[in-house]
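The file target.pdb contains PDB, C-alpha atoms and all ligand atoms:
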ATOM      1  CA  MET A   5       0.000   0.000   0.000  1.00  0.00           C
ATOM      2  CA  ARG A   6       1.130   3.540  -0.715  1.00  0.00           C
ATOM      3  CA  ILE A   7      -0.317   5.936   1.804  1.00  0.00           C
ATOM      4  CA  VAL A   8       0.077   9.590   2.697  1.00  0.00           C
ATOM      5  CA  LEU A   9      -0.709  10.807   6.196  1.00  0.00           C
ATOM      6  CA  VAL A  10      -1.771  14.444   6.617  1.00  0.00           C
ATOM      7  CA  GLY A  11      -2.902  16.498   9.579  1.00  0.00           C
ATOM      8  CA  PRO A  12      -1.878  19.547  11.569  1.00  0.00           C
ATOM      9  CA  PRO A  13       1.120  19.522  13.895  1.00  0.00           C
ATOM     10  CA  GLY A  14       0.080  17.782  17.101  1.00  0.00           C
ATOM     11  CA  ALA A  15      -2.409  15.407  15.463  1.00  0.00           C
ATOM     12  CA  GLY A  16      -0.103  12.495  16.339  1.00  0.00           C
ATOM     13  CA  LYS A  17       1.056  11.740  12.783  1.00  0.00           C
ATOM     14  CA  GLY A  18       4.457  10.382  13.842  1.00  0.00           C
ATOM     15  CA  THR A  19       3.041   8.121  16.547  1.00  0.00           C
ATOM     16  CA  GLN A  20       0.244   6.793  14.344  1.00  0.00           C
ATOM     17  CA  ALA A  21       2.543   6.396  11.353  1.00  0.00           C
ATOM     18  CA  ALA A  22       4.877   4.147  13.342  1.00  0.00           C
ATOM     19  CA  TYR A  23       2.023   1.828  14.414  1.00  0.00           C
ATOM     20  CA  LEU A  24       0.288   1.824  11.044  1.00  0.00           C
ATOM     21  CA  ALA A  25       3.508   1.115   9.138  1.00  0.00           C
ATOM     22  CA  GLU A  26       4.199  -1.813  11.441  1.00  0.00           C
ATOM     23  CA  ASN A  27       0.650  -3.192  11.068  1.00  0.00           C
ATOM     24  CA  LEU A  28       0.817  -2.853   7.289  1.00  0.00           C
ATOM     25  CA  SER A  29       4.462  -4.048   6.983  1.00  0.00           C
ATOM     26  CA  ILE A  30       5.531  -1.002   4.998  1.00  0.00           C
ATOM     27  CA  PRO A  31       8.292   1.511   5.794  1.00  0.00           C
ATOM     28  CA  HIS A  32       7.436   4.693   7.672  1.00  0.00           C
ATOM     29  CA  VAL A  33       8.946   7.556   5.718  1.00  0.00           C
ATOM     30  CA  SER A  34       9.014  10.824   7.662  1.00  0.00           C
ATOM     31  CA  THR A  35      10.685  13.818   6.028  1.00  0.00           C
ATOM     32  CA  GLY A  36      10.882  15.490   9.468  1.00  0.00           C
ATOM     33  CA  ASP A  37      12.835  12.465  10.797  1.00  0.00           C
ATOM     34  CA  LEU A  38      15.078  12.482   7.720  1.00  0.00           C
ATOM     35  CA  PHE A  39      15.853  16.170   8.314  1.00  0.00           C
ATOM     36  CA  ARG A  40      16.496  15.565  12.026  1.00  0.00           C
ATOM     37  CA  ALA A  41      18.833  12.660  11.202  1.00  0.00           C
ATOM     38  CA  ASN A  42      20.755  14.919   8.801  1.00  0.00           C
ATOM     39  CA  ILE A  43      20.985  17.637  11.438  1.00  0.00           C
ATOM     40  CA  GLY A  44      22.234  15.086  13.989  1.00  0.00           C
ATOM     41  CA  GLN A  45      24.910  13.931  11.547  1.00  0.00           C
ATOM     42  CA  GLY A  46      25.889  17.500  10.671  1.00  0.00           C
ATOM     43  CA  THR A  47      25.382  17.022   6.912  1.00  0.00           C
ATOM     44  CA  ALA A  48      25.124  19.906   4.428  1.00  0.00           C
ATOM     45  CA  LEU A  49      21.457  19.045   3.916  1.00  0.00           C
ATOM     46  CA  GLY A  50      20.892  19.189   7.680  1.00  0.00           C
ATOM     47  CA  LYS A  51      22.525  22.613   7.846  1.00  0.00           C
ATOM     48  CA  GLN A  52      20.261  23.860   5.037  1.00  0.00           C
ATOM     49  CA  ALA A  53      17.144  22.535   6.770  1.00  0.00           C
ATOM     50  CA  GLN A  54      17.792  23.524  10.373  1.00  0.00           C
ATOM     51  CA  GLU A  55      17.118  27.231  10.121  1.00  0.00           C
ATOM     52  CA  TYR A  56      13.725  26.678   8.453  1.00  0.00           C
ATOM     53  CA  MET A  57      12.725  23.975  10.911  1.00  0.00           C
ATOM     54  CA  ASN A  58      13.577  26.042  13.961  1.00  0.00           C
ATOM     55  CA  ALA A  59      11.467  28.875  12.565  1.00  0.00           C
ATOM     56  CA  GLY A  60       8.508  26.544  11.885  1.00  0.00           C
ATOM     57  CA  GLU A  61       8.794  27.199   8.138  1.00  0.00           C
ATOM     58  CA  LEU A  62       8.853  24.652   5.344  1.00  0.00           C
ATOM     59  CA  VAL A  63      12.269  23.599   4.081  1.00  0.00           C
ATOM     60  CA  PRO A  64      12.460  24.665   0.387  1.00  0.00           C
ATOM     61  CA  ASP A  65      11.033  22.222  -2.152  1.00  0.00           C
ATOM     62  CA  GLU A  66      14.280  21.739  -4.086  1.00  0.00           C
ATOM     63  CA  VAL A  67      15.880  20.275  -0.943  1.00  0.00           C
ATOM     64  CA  THR A  68      12.825  18.373   0.303  1.00  0.00           C
ATOM     65  CA  ILE A  69      11.633  16.765  -2.927  1.00  0.00           C
ATOM     66  CA  GLY A  70      15.102  15.412  -3.790  1.00  0.00           C
ATOM     67  CA  MET A  71      15.486  13.949  -0.313  1.00  0.00           C
ATOM     68  CA  ALA A  72      12.032  12.330  -0.424  1.00  0.00           C
ATOM     69  CA  LYS A  73      12.676  10.879  -3.876  1.00  0.00           C
ATOM     70  CA  ASP A  74      16.009   9.371  -2.749  1.00  0.00           C
ATOM     71  CA  ARG A  75      14.260   7.745   0.195  1.00  0.00           C
ATOM     72  CA  LEU A  76      11.425   6.380  -1.977  1.00  0.00           C
ATOM     73  CA  ASP A  77      14.029   4.966  -4.370  1.00  0.00           C
ATOM     74  CA  GLN A  78      15.323   2.651  -1.621  1.00  0.00           C
ATOM     75  CA  PRO A  79      14.397  -1.001  -2.225  1.00  0.00           C
ATOM     76  CA  ASP A  80      12.279  -1.311   0.948  1.00  0.00           C
ATOM     77  CA  ALA A  81       9.845   1.312  -0.433  1.00  0.00           C
ATOM     78  CA  ALA A  82       9.381  -0.385  -3.816  1.00  0.00           C
ATOM     79  CA  GLU A  83       6.068  -2.048  -2.929  1.00  0.00           C
ATOM     80  CA  GLY A  84       4.637   0.426  -0.472  1.00  0.00           C
ATOM     81  CA  PHE A  85       5.241   3.114   2.106  1.00  0.00           C
ATOM     82  CA  LEU A  86       3.558   5.343   4.602  1.00  0.00           C
ATOM     83  CA  LEU A  87       4.534   8.958   4.032  1.00  0.00           C
ATOM     84  CA  ASP A  88       4.412  11.151   7.128  1.00  0.00           C
ATOM     85  CA  GLY A  89       4.958  14.886   6.611  1.00  0.00           C
ATOM     86  CA  PHE A  90       5.371  14.704   2.840  1.00  0.00           C
ATOM     87  CA  PRO A  91       3.889  16.168   0.688  1.00  0.00           C
ATOM     88  CA  ARG A  92       3.332  19.400   2.582  1.00  0.00           C
ATOM     89  CA  ASN A  93       2.305  21.679  -0.286  1.00  0.00           C
ATOM     90  CA  LEU A  94       0.831  21.396  -3.784  1.00  0.00           C
ATOM     91  CA  ALA A  95       4.204  21.474  -5.575  1.00  0.00           C
ATOM     92  CA  GLN A  96       5.355  18.495  -3.483  1.00  0.00           C
ATOM     93  CA  ALA A  97       2.062  16.653  -4.122  1.00  0.00           C
ATOM     94  CA  GLU A  98       2.544  17.120  -7.853  1.00  0.00           C
ATOM     95  CA  ALA A  99       6.184  15.996  -7.604  1.00  0.00           C
ATOM     96  CA  LEU A 100       5.073  12.866  -5.740  1.00  0.00           C
ATOM     97  CA  ASP A 101       2.524  12.086  -8.470  1.00  0.00           C
ATOM     98  CA  GLN A 102       5.314  12.340 -11.003  1.00  0.00           C
ATOM     99  CA  ILE A 103       7.714  10.154  -9.003  1.00  0.00           C
ATOM    100  CA  LEU A 104       5.009   7.486  -8.775  1.00  0.00           C
ATOM    101  CA  ALA A 105       3.911   7.827 -12.399  1.00  0.00           C
ATOM    102  CA  GLU A 106       7.516   7.185 -13.513  1.00  0.00           C
ATOM    103  CA  ARG A 107       7.251   3.835 -11.784  1.00  0.00           C
ATOM    104  CA  GLY A 108       3.722   3.046 -12.975  1.00  0.00           C
ATOM    105  CA  ALA A 109       2.547   3.293  -9.361  1.00  0.00           C
ATOM    106  CA  HIS A 110      -0.131   5.351  -7.613  1.00  0.00           C
ATOM    107  CA  LEU A 111      -1.299   6.242  -4.120  1.00  0.00           C
ATOM    108  CA  ASP A 112      -3.898   3.996  -2.481  1.00  0.00           C
ATOM    109  CA  GLY A 113      -5.132   6.472   0.092  1.00  0.00           C
ATOM    110  CA  VAL A 114      -4.588   9.696   1.990  1.00  0.00           C
ATOM    111  CA  LEU A 115      -5.372   9.515   5.674  1.00  0.00           C
ATOM    112  CA  ASP A 116      -6.351  12.891   7.094  1.00  0.00           C
ATOM    113  CA  LEU A 117      -6.069  13.173  10.899  1.00  0.00           C
ATOM    114  CA  GLU A 118      -8.401  15.791  12.353  1.00  0.00           C
ATOM    115  CA  ILE A 119      -7.912  17.522  15.683  1.00  0.00           C
ATOM    116  CA  PRO A 120      -9.573  20.654  17.147  1.00  0.00           C
ATOM    117  CA  GLU A 121      -7.297  23.667  16.878  1.00  0.00           C
ATOM    118  CA  ASP A 122      -7.295  24.410  20.623  1.00  0.00           C
ATOM    119  CA  GLN A 123      -5.809  20.950  21.287  1.00  0.00           C
ATOM    120  CA  VAL A 124      -2.821  21.492  19.062  1.00  0.00           C
ATOM    121  CA  VAL A 125      -0.800  24.002  21.065  1.00  0.00           C
ATOM    122  CA  GLN A 126      -1.504  22.220  24.335  1.00  0.00           C
ATOM    123  CA  ARG A 127      -0.465  18.845  22.889  1.00  0.00           C
ATOM    124  CA  ILE A 128       2.721  20.066  21.265  1.00  0.00           C
ATOM    125  CA  ALA A 129       4.049  22.570  23.770  1.00  0.00           C
ATOM    126  CA  GLY A 130       4.011  19.811  26.459  1.00  0.00           C
ATOM    127  CA  ARG A 131       5.453  17.149  24.175  1.00  0.00           C
ATOM    128  CA  ARG A 132       8.773  15.529  25.008  1.00  0.00           C
ATOM    129  CA  THR A 133      10.413  13.398  22.323  1.00  0.00           C
ATOM    130  CA  CYS A 134      12.874  10.516  22.613  1.00  0.00           C
ATOM    131  CA  ARG A 135      16.250  11.226  20.979  1.00  0.00           C
ATOM    132  CA  THR A 136      16.636   7.562  20.036  1.00  0.00           C
ATOM    133  CA  ASP A 137      13.227   7.113  18.359  1.00  0.00           C
ATOM    134  CA  SER A 138      11.061  10.130  17.613  1.00  0.00           C
ATOM    135  CA  ALA A 139       7.921   7.946  17.487  1.00  0.00           C
ATOM    136  CA  HIS A 140       8.324   7.614  21.293  1.00  0.00           C
ATOM    137  CA  THR A 141       6.712  10.744  22.673  1.00  0.00           C
ATOM    138  CA  PHE A 142       5.569  11.770  26.150  1.00  0.00           C
ATOM    139  CA  HIS A 143       3.679  14.720  27.618  1.00  0.00           C
ATOM    140  CA  VAL A 144       4.465  16.765  30.701  1.00  0.00           C
ATOM    141  CA  ASP A 145       0.829  16.504  31.915  1.00  0.00           C
ATOM    142  CA  HIS A 146      -0.883  13.626  30.124  1.00  0.00           C
ATOM    143  CA  LYS A 147       1.803  11.003  29.576  1.00  0.00           C
ATOM    144  CA  ARG A 148       4.688  11.363  31.992  1.00  0.00           C
ATOM    145  CA  PRO A 149       7.580   8.919  31.691  1.00  0.00           C
ATOM    146  CA  GLN A 150       8.185   6.596  34.654  1.00  0.00           C
ATOM    147  CA  VAL A 151      11.714   7.982  35.091  1.00  0.00           C
ATOM    148  CA  ALA A 152      11.947  11.737  34.543  1.00  0.00           C
ATOM    149  CA  GLY A 153      13.714  12.614  31.298  1.00  0.00           C
ATOM    150  CA  ARG A 154      13.968   8.978  30.093  1.00  0.00           C
ATOM    151  CA  CYS A 155      11.926   7.115  27.485  1.00  0.00           C
ATOM    152  CA  ASP A 156       9.850   4.252  28.966  1.00  0.00           C
ATOM    153  CA  GLU A 157      10.263   2.202  25.821  1.00  0.00           C
ATOM    154  CA  CYS A 158      13.989   2.350  25.135  1.00  0.00           C
ATOM    155  CA  GLY A 159      15.635   4.453  27.867  1.00  0.00           C
ATOM    156  CA  GLY A 160      16.555   7.205  25.359  1.00  0.00           C
ATOM    157  CA  GLU A 161      16.912  10.794  26.523  1.00  0.00           C
ATOM    158  CA  LEU A 162      13.736  12.898  26.316  1.00  0.00           C
ATOM    159  CA  TYR A 163      13.969  16.460  25.034  1.00  0.00           C
ATOM    160  CA  GLN A 164      11.757  19.243  23.768  1.00  0.00           C
ATOM    161  CA  ARG A 165      12.117  19.681  20.006  1.00  0.00           C
ATOM    162  CA  ALA A 166      13.347  23.189  19.175  1.00  0.00           C
ATOM    163  CA  ASP A 167      10.278  23.644  16.975  1.00  0.00           C
ATOM    164  CA  ASP A 168       7.845  22.586  19.724  1.00  0.00           C
ATOM    165  CA  SER A 169       7.874  25.933  21.563  1.00  0.00           C
ATOM    166  CA  GLU A 170       4.482  27.674  21.704  1.00  0.00           C
ATOM    167  CA  GLU A 171       5.538  30.458  19.351  1.00  0.00           C
ATOM    168  CA  THR A 172       6.881  28.051  16.733  1.00  0.00           C
ATOM    169  CA  VAL A 173       3.811  25.813  17.029  1.00  0.00           C
ATOM    170  CA  ARG A 174       1.590  28.786  16.162  1.00  0.00           C
ATOM    171  CA  LYS A 175       3.799  29.485  13.149  1.00  0.00           C
ATOM    172  CA  ARG A 176       3.671  25.818  12.077  1.00  0.00           C
ATOM    173  CA  LEU A 177      -0.131  25.876  12.308  1.00  0.00           C
ATOM    174  CA  GLU A 178      -0.310  28.968  10.127  1.00  0.00           C
ATOM    175  CA  VAL A 179       1.992  27.275   7.587  1.00  0.00           C
ATOM    176  CA  TYR A 180      -0.181  24.144   7.750  1.00  0.00           C
ATOM    177  CA  HIS A 181      -3.376  26.058   6.920  1.00  0.00           C
ATOM    178  CA  ARG A 182      -1.755  28.049   4.143  1.00  0.00           C
ATOM    179  CA  GLU A 183       0.498  25.471   2.477  1.00  0.00           C
ATOM    180  CA  THR A 184      -0.580  21.982   3.457  1.00  0.00           C
ATOM    181  CA  GLU A 185      -4.384  22.063   3.744  1.00  0.00           C
ATOM    182  CA  PRO A 186      -4.800  22.682  -0.007  1.00  0.00           C
ATOM    183  CA  ILE A 187      -3.343  19.238  -0.716  1.00  0.00           C
ATOM    184  CA  ILE A 188      -6.423  17.693   0.936  1.00  0.00           C
ATOM    185  CA  GLY A 189      -8.610  19.202  -1.812  1.00  0.00           C
ATOM    186  CA  PHE A 190      -6.088  18.058  -4.425  1.00  0.00           C
ATOM    187  CA  TYR A 191      -6.365  14.468  -3.185  1.00  0.00           C
ATOM    188  CA  GLN A 192     -10.142  14.685  -2.584  1.00  0.00           C
ATOM    189  CA  ALA A 193     -10.554  15.415  -6.290  1.00  0.00           C
ATOM    190  CA  LYS A 194      -8.819  12.065  -6.908  1.00  0.00           C
ATOM    191  CA  GLY A 195     -11.122  10.290  -4.434  1.00  0.00           C
ATOM    192  CA  LEU A 196      -8.237   9.328  -2.151  1.00  0.00           C
ATOM    193  CA  VAL A 197      -9.001  11.028   1.161  1.00  0.00           C
ATOM    194  CA  VAL A 198     -10.347   9.389   4.314  1.00  0.00           C
ATOM    195  CA  THR A 199     -10.725  11.655   7.330  1.00  0.00           C
ATOM    196  CA  ILE A 200     -10.711  10.378  10.900  1.00  0.00           C
ATOM    197  CA  SER A 201     -10.662  12.028  14.296  1.00  0.00           C
ATOM    198  CA  ALA A 202      -7.247  12.013  15.985  1.00  0.00           C
ATOM    199  CA  MET A 203      -8.816  12.458  19.444  1.00  0.00           C
ATOM    200  CA  GLY A 204      -8.762   9.691  22.040  1.00  0.00           C
ATOM    201  CA  ARG A 205      -6.235   7.080  23.097  1.00  0.00           C
ATOM    202  CA  VAL A 206      -3.398   6.222  20.725  1.00  0.00           C
ATOM    203  CA  ALA A 207      -4.632   2.632  20.249  1.00  0.00           C
ATOM    204  CA  GLU A 208      -8.180   3.818  19.489  1.00  0.00           C
ATOM    205  CA  VAL A 209      -6.934   6.195  16.811  1.00  0.00           C
ATOM    206  CA  THR A 210      -4.775   3.431  15.280  1.00  0.00           C
ATOM    207  CA  GLU A 211      -7.834   1.154  15.172  1.00  0.00           C
ATOM    208  CA  ARG A 212      -9.923   3.879  13.546  1.00  0.00           C
ATOM    209  CA  ALA A 213      -7.160   4.510  11.012  1.00  0.00           C
ATOM    210  CA  MET A 214      -6.776   0.806  10.162  1.00  0.00           C
ATOM    211  CA  ASP A 215     -10.553   0.489   9.653  1.00  0.00           C
ATOM    212  CA  ALA A 216     -10.561   3.552   7.392  1.00  0.00           C
ATOM    213  CA  LEU A 217      -7.638   2.262   5.314  1.00  0.00           C
ATOM    214  CA  ARG A 218      -9.167  -1.219   4.996  1.00  0.00           C
ATOM    215  CA  THR A 219     -12.415   0.331   3.747  1.00  0.00           C
ATOM    216  CA  LYS A 220     -10.464   2.501   1.321  1.00  0.00           C
ATOM    217  CA  ALA A 221      -8.467  -0.431  -0.041  1.00  0.00           C
ATOM    218  CA  ALA A 222     -11.516  -2.723  -0.312  1.00  0.00           C
TER     219      ALA A 222
HETATM  220  P1  LIG B 301       7.600  17.106  11.308  1.00  0.00           P
HETATM  221  O1  LIG B 301       8.518  16.218  12.062  1.00  0.00           O
HETATM  222  O2  LIG B 301       6.869  16.401  10.202  1.00  0.00           O
HETATM  223  O3  LIG B 301       6.681  17.911  12.204  1.00  0.00           O
HETATM  224  O4  LIG B 301       8.527  18.186  10.554  1.00  0.00           O
HETATM  225  C1  LIG B 301       9.318  19.097  11.271  1.00  0.00           C
HETATM  226  C2  LIG B 301       9.779  20.219  10.367  1.00  0.00           C
HETATM  227  O5  LIG B 301      10.572  19.694   9.302  1.00  0.00           O
HETATM  228  C3  LIG B 301       8.677  21.009   9.681  1.00  0.00           C
HETATM  229  O6  LIG B 301       8.113  22.003  10.519  1.00  0.00           O
HETATM  230  C4  LIG B 301       9.439  21.586   8.489  1.00  0.00           C
HETATM  231  O7  LIG B 301      10.280  22.666   8.879  1.00  0.00           O
HETATM  232  C5  LIG B 301      10.351  20.432   8.102  1.00  0.00           C
HETATM  233  N1  LIG B 301       9.680  19.540   7.132  1.00  0.00           N
HETATM  234  C6  LIG B 301       9.298  18.240   7.317  1.00  0.00           C
HETATM  235  N2  LIG B 301       8.727  17.739   6.205  1.00  0.00           N
HETATM  236  C7  LIG B 301       8.740  18.751   5.299  1.00  0.00           C
HETATM  237  C8  LIG B 301       8.258  18.894   3.964  1.00  0.00           C
HETATM  238  N3  LIG B 301       7.627  17.884   3.329  1.00  0.00           N
HETATM  239  N4  LIG B 301       8.459  20.077   3.326  1.00  0.00           N
HETATM  240  C9  LIG B 301       9.088  21.100   3.928  1.00  0.00           C
HETATM  241  N5  LIG B 301       9.530  21.060   5.184  1.00  0.00           N
HETATM  242  C10 LIG B 301       9.361  19.902   5.879  1.00  0.00           C
END
Written form, structure tokens:
Amino acid sequence: MRIVLVGPPGAGKGTQAAYLAENLSIPHVSTGDLFRANIGQGTALGKQAQEYMNAGELVPDEVTIGMAKDRLDQPDAAEGFLLDGFPRNLAQAEALDQILAERGAHLDGVLDLEIPEDQVVQRIAGRRTCRTDSAHTFHVDHKRPQVAGRCDECGGELYQRADDSEETVRKRLEVYHRETEPIIGFYQAKGLVVTISAMGRVAEVTERAMDALRTKAA
């Protein structure tokens, strides 16, 4: 299956993507994680991306599209993938169509995670992320780790992402409405979108998402 996950920051895309990719046995491809890995390794690409990320802006398309294409060219993505955080604007959506068309492939569905706006800032500003695996996230009020500052799942160090401050979250939301939301209409016109609520427990949302994708693929 070839799936795109969309939704505002704080909808839980990364967490859901990790579970869904595992359930569907396809790789989880997150452009945000790819950028963070490049920053961690101090690559030229990481240096180009960092400034935009810290400001809550989109990294320019010429950097992002090339990186996404390279990742989708890896053998593990040949038969399917779950894209998390890409595409994030219409130019990227069109580029993805072209990448897939060159291979005679197409998307099977676009899963749109919905969350009320007032939940977003609260969810993200309290989020703490594991340095070892960014799908492991905690919350200062709602999901505290058993040992302060340590991931329950792998013992990795927890930190607050530089782009998770309240000010940057508001900027990211504005960018989401302006740049990313239009891709939902683009994919609706192709009959690909299924929308589910991202509210509730993680496992409930995963279940809802799996049901929606099964219905879409049927
Ligand atoms: P995420 O982990 O998906 O929330 O992404 C974190 C940040 O990485 C975003 O706020 C952007 O600055 C950058 N980023 C991730 N994916 C993309 C993309 N497809 N296009 C442009 N910038 C991106």
Evaluated on this file, the PyMOL selection byres (((chain A and resi 52-57) around 9) and not hetatm) picks out some residues - which ones are they, written as JSON, numbers by chain? {"A": [36, 39, 40, 42, 43, 47, 48, 49, 50, 51, 58, 59, 60, 61, 62, 63, 64, 67, 68, 166, 167]}
Between atom CA of Glu157 of chain A and atom C2 of ligand LIG 301 (chain B), what is the spacing in Å? 23.7 Å
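Candidate residues A:Met71, A:Leu217, A:Ile30, A:Ala22 were compared for distance to ligand LIG 301 (chain B), and the nearest is A:Met71, using all atoms listed in the file.
Rounded to one decimal, atom CA of Arg132 of chain A and atom CA of Asn27 of chain A lie 24.7 Å from each other.
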Atom-to-atom span, atom CA of Ala207 of chain A and atom CA of Asp122 of chain A, Å: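 A separation of 21.9 Å between them.
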Quick one: 6 Å padding each side, axis-aligned, all listed atoms of segment 102-121 of chain A - centre and edge lengths in Å to one decimal, as JSON?
{"center_x": -0.9, "center_y": 13.4, "center_z": 1.8, "size_x": 29.3, "size_y": 32.6, "size_z": 42.7}
Enumerate, as a list of chain:residue names, the protein, DNA and RNA residues whose atoms approach (13.6, 4.7, 25.7) to within 8 Å, taking into account only C-alpha atoms and the coordinate frame of the file.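 These residues have at least one counted atom within 8 Å: A:Cys134, A:Thr136, A:Asp137, A:His140, A:Arg154, A:Cys155, A:Asp156, A:Glu157, A:Cys158, A:Gly159, A:Gly160, A:Glu161.
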Would you put the residues from that selection into a file with C-alpha atoms, as a compact mmCIF listing (two decimals), in the frame of the given file?
# COMPACT_ATOMS: atom_id res chain seq x y z
CA CYS A 134 12.87 10.52 22.61
CA THR A 136 16.64 7.56 20.04
CA ASP A 137 13.23 7.11 18.36
CA HIS A 140 8.32 7.61 21.29
CA ARG A 154 13.97 8.98 30.09
CA CYS A 155 11.93 7.12 27.48
CA ASP A 156 9.85 4.25 28.97
CA GLU A 157 10.26 2.20 25.82
CA CYS A 158 13.99 2.35 25.14
CA GLY A 159 15.64 4.45 27.87
CA GLY A 160 16.56 7.20 25.36
CA GLU A 161 16.91 10.79 26.52
Given only C-alpha atoms as the counted atoms, nearest of A:Ala129, A:Leu111, A:Val206, A:Ile188 to Thr172 of chain A: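 With only C-alpha atoms as the atom set, the closest residue is A:Ala129.
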Choose the residue, out of A:Leu115, A:Val209, A:Ile128, A:Val144, that has the smallest atom-to-atom separation from ligand LIG 301 (chain B); count all atoms listed in the file.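 Nearest to ligand LIG 301 (chain B): A:Ile128.
Nearest residue to Ala81 of chain A, choosing from A:Gln150, A:Ile103, A:Arg6, A:Thr35 and counting only C-alpha atoms: A:Arg6.
Distances here use all atoms listed in the file; by that measure, the residue among A:Leu38, A:Met214, A:Val8, A:Met203 closest to Arg127 of chain A is A:Met203.
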Output the residue selection produced by the PyMOL selection byres (((chain A and resi 125) around 10) and not hetatm) on the file above, formatted as a ChimeraX atom specification. /A:13-14,121-124,126-131,168-174,177
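The smallest atom-to-atom distance between ligand LIG 301 (chain B) and any of A:Ala139, A:Ala82, A:Val114, A:Ala105, using all atoms listed in the file, is found for A:Ala139.
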For Asp88 of chain A, find every residue with an atom within 8 Å (counting only C-alpha atoms), except residues of its own chain fewer than 3 positions away, and show them as a list in words.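 Residues near the query, excluding close chain neighbours: Val8, Leu9, Val10, Lys17, Gly18, Ala21, His32, Val33, Ser34 and Thr35 of chain A.
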Exactly which residues make up the result of the PyMOL selection byres (((chain A and resi 191) around 12) and not hetatm) on this file, given as a ChimeraX atom specification? /A:7-10,91,93-94,97-98,100-101,110-116,184-190,192-199
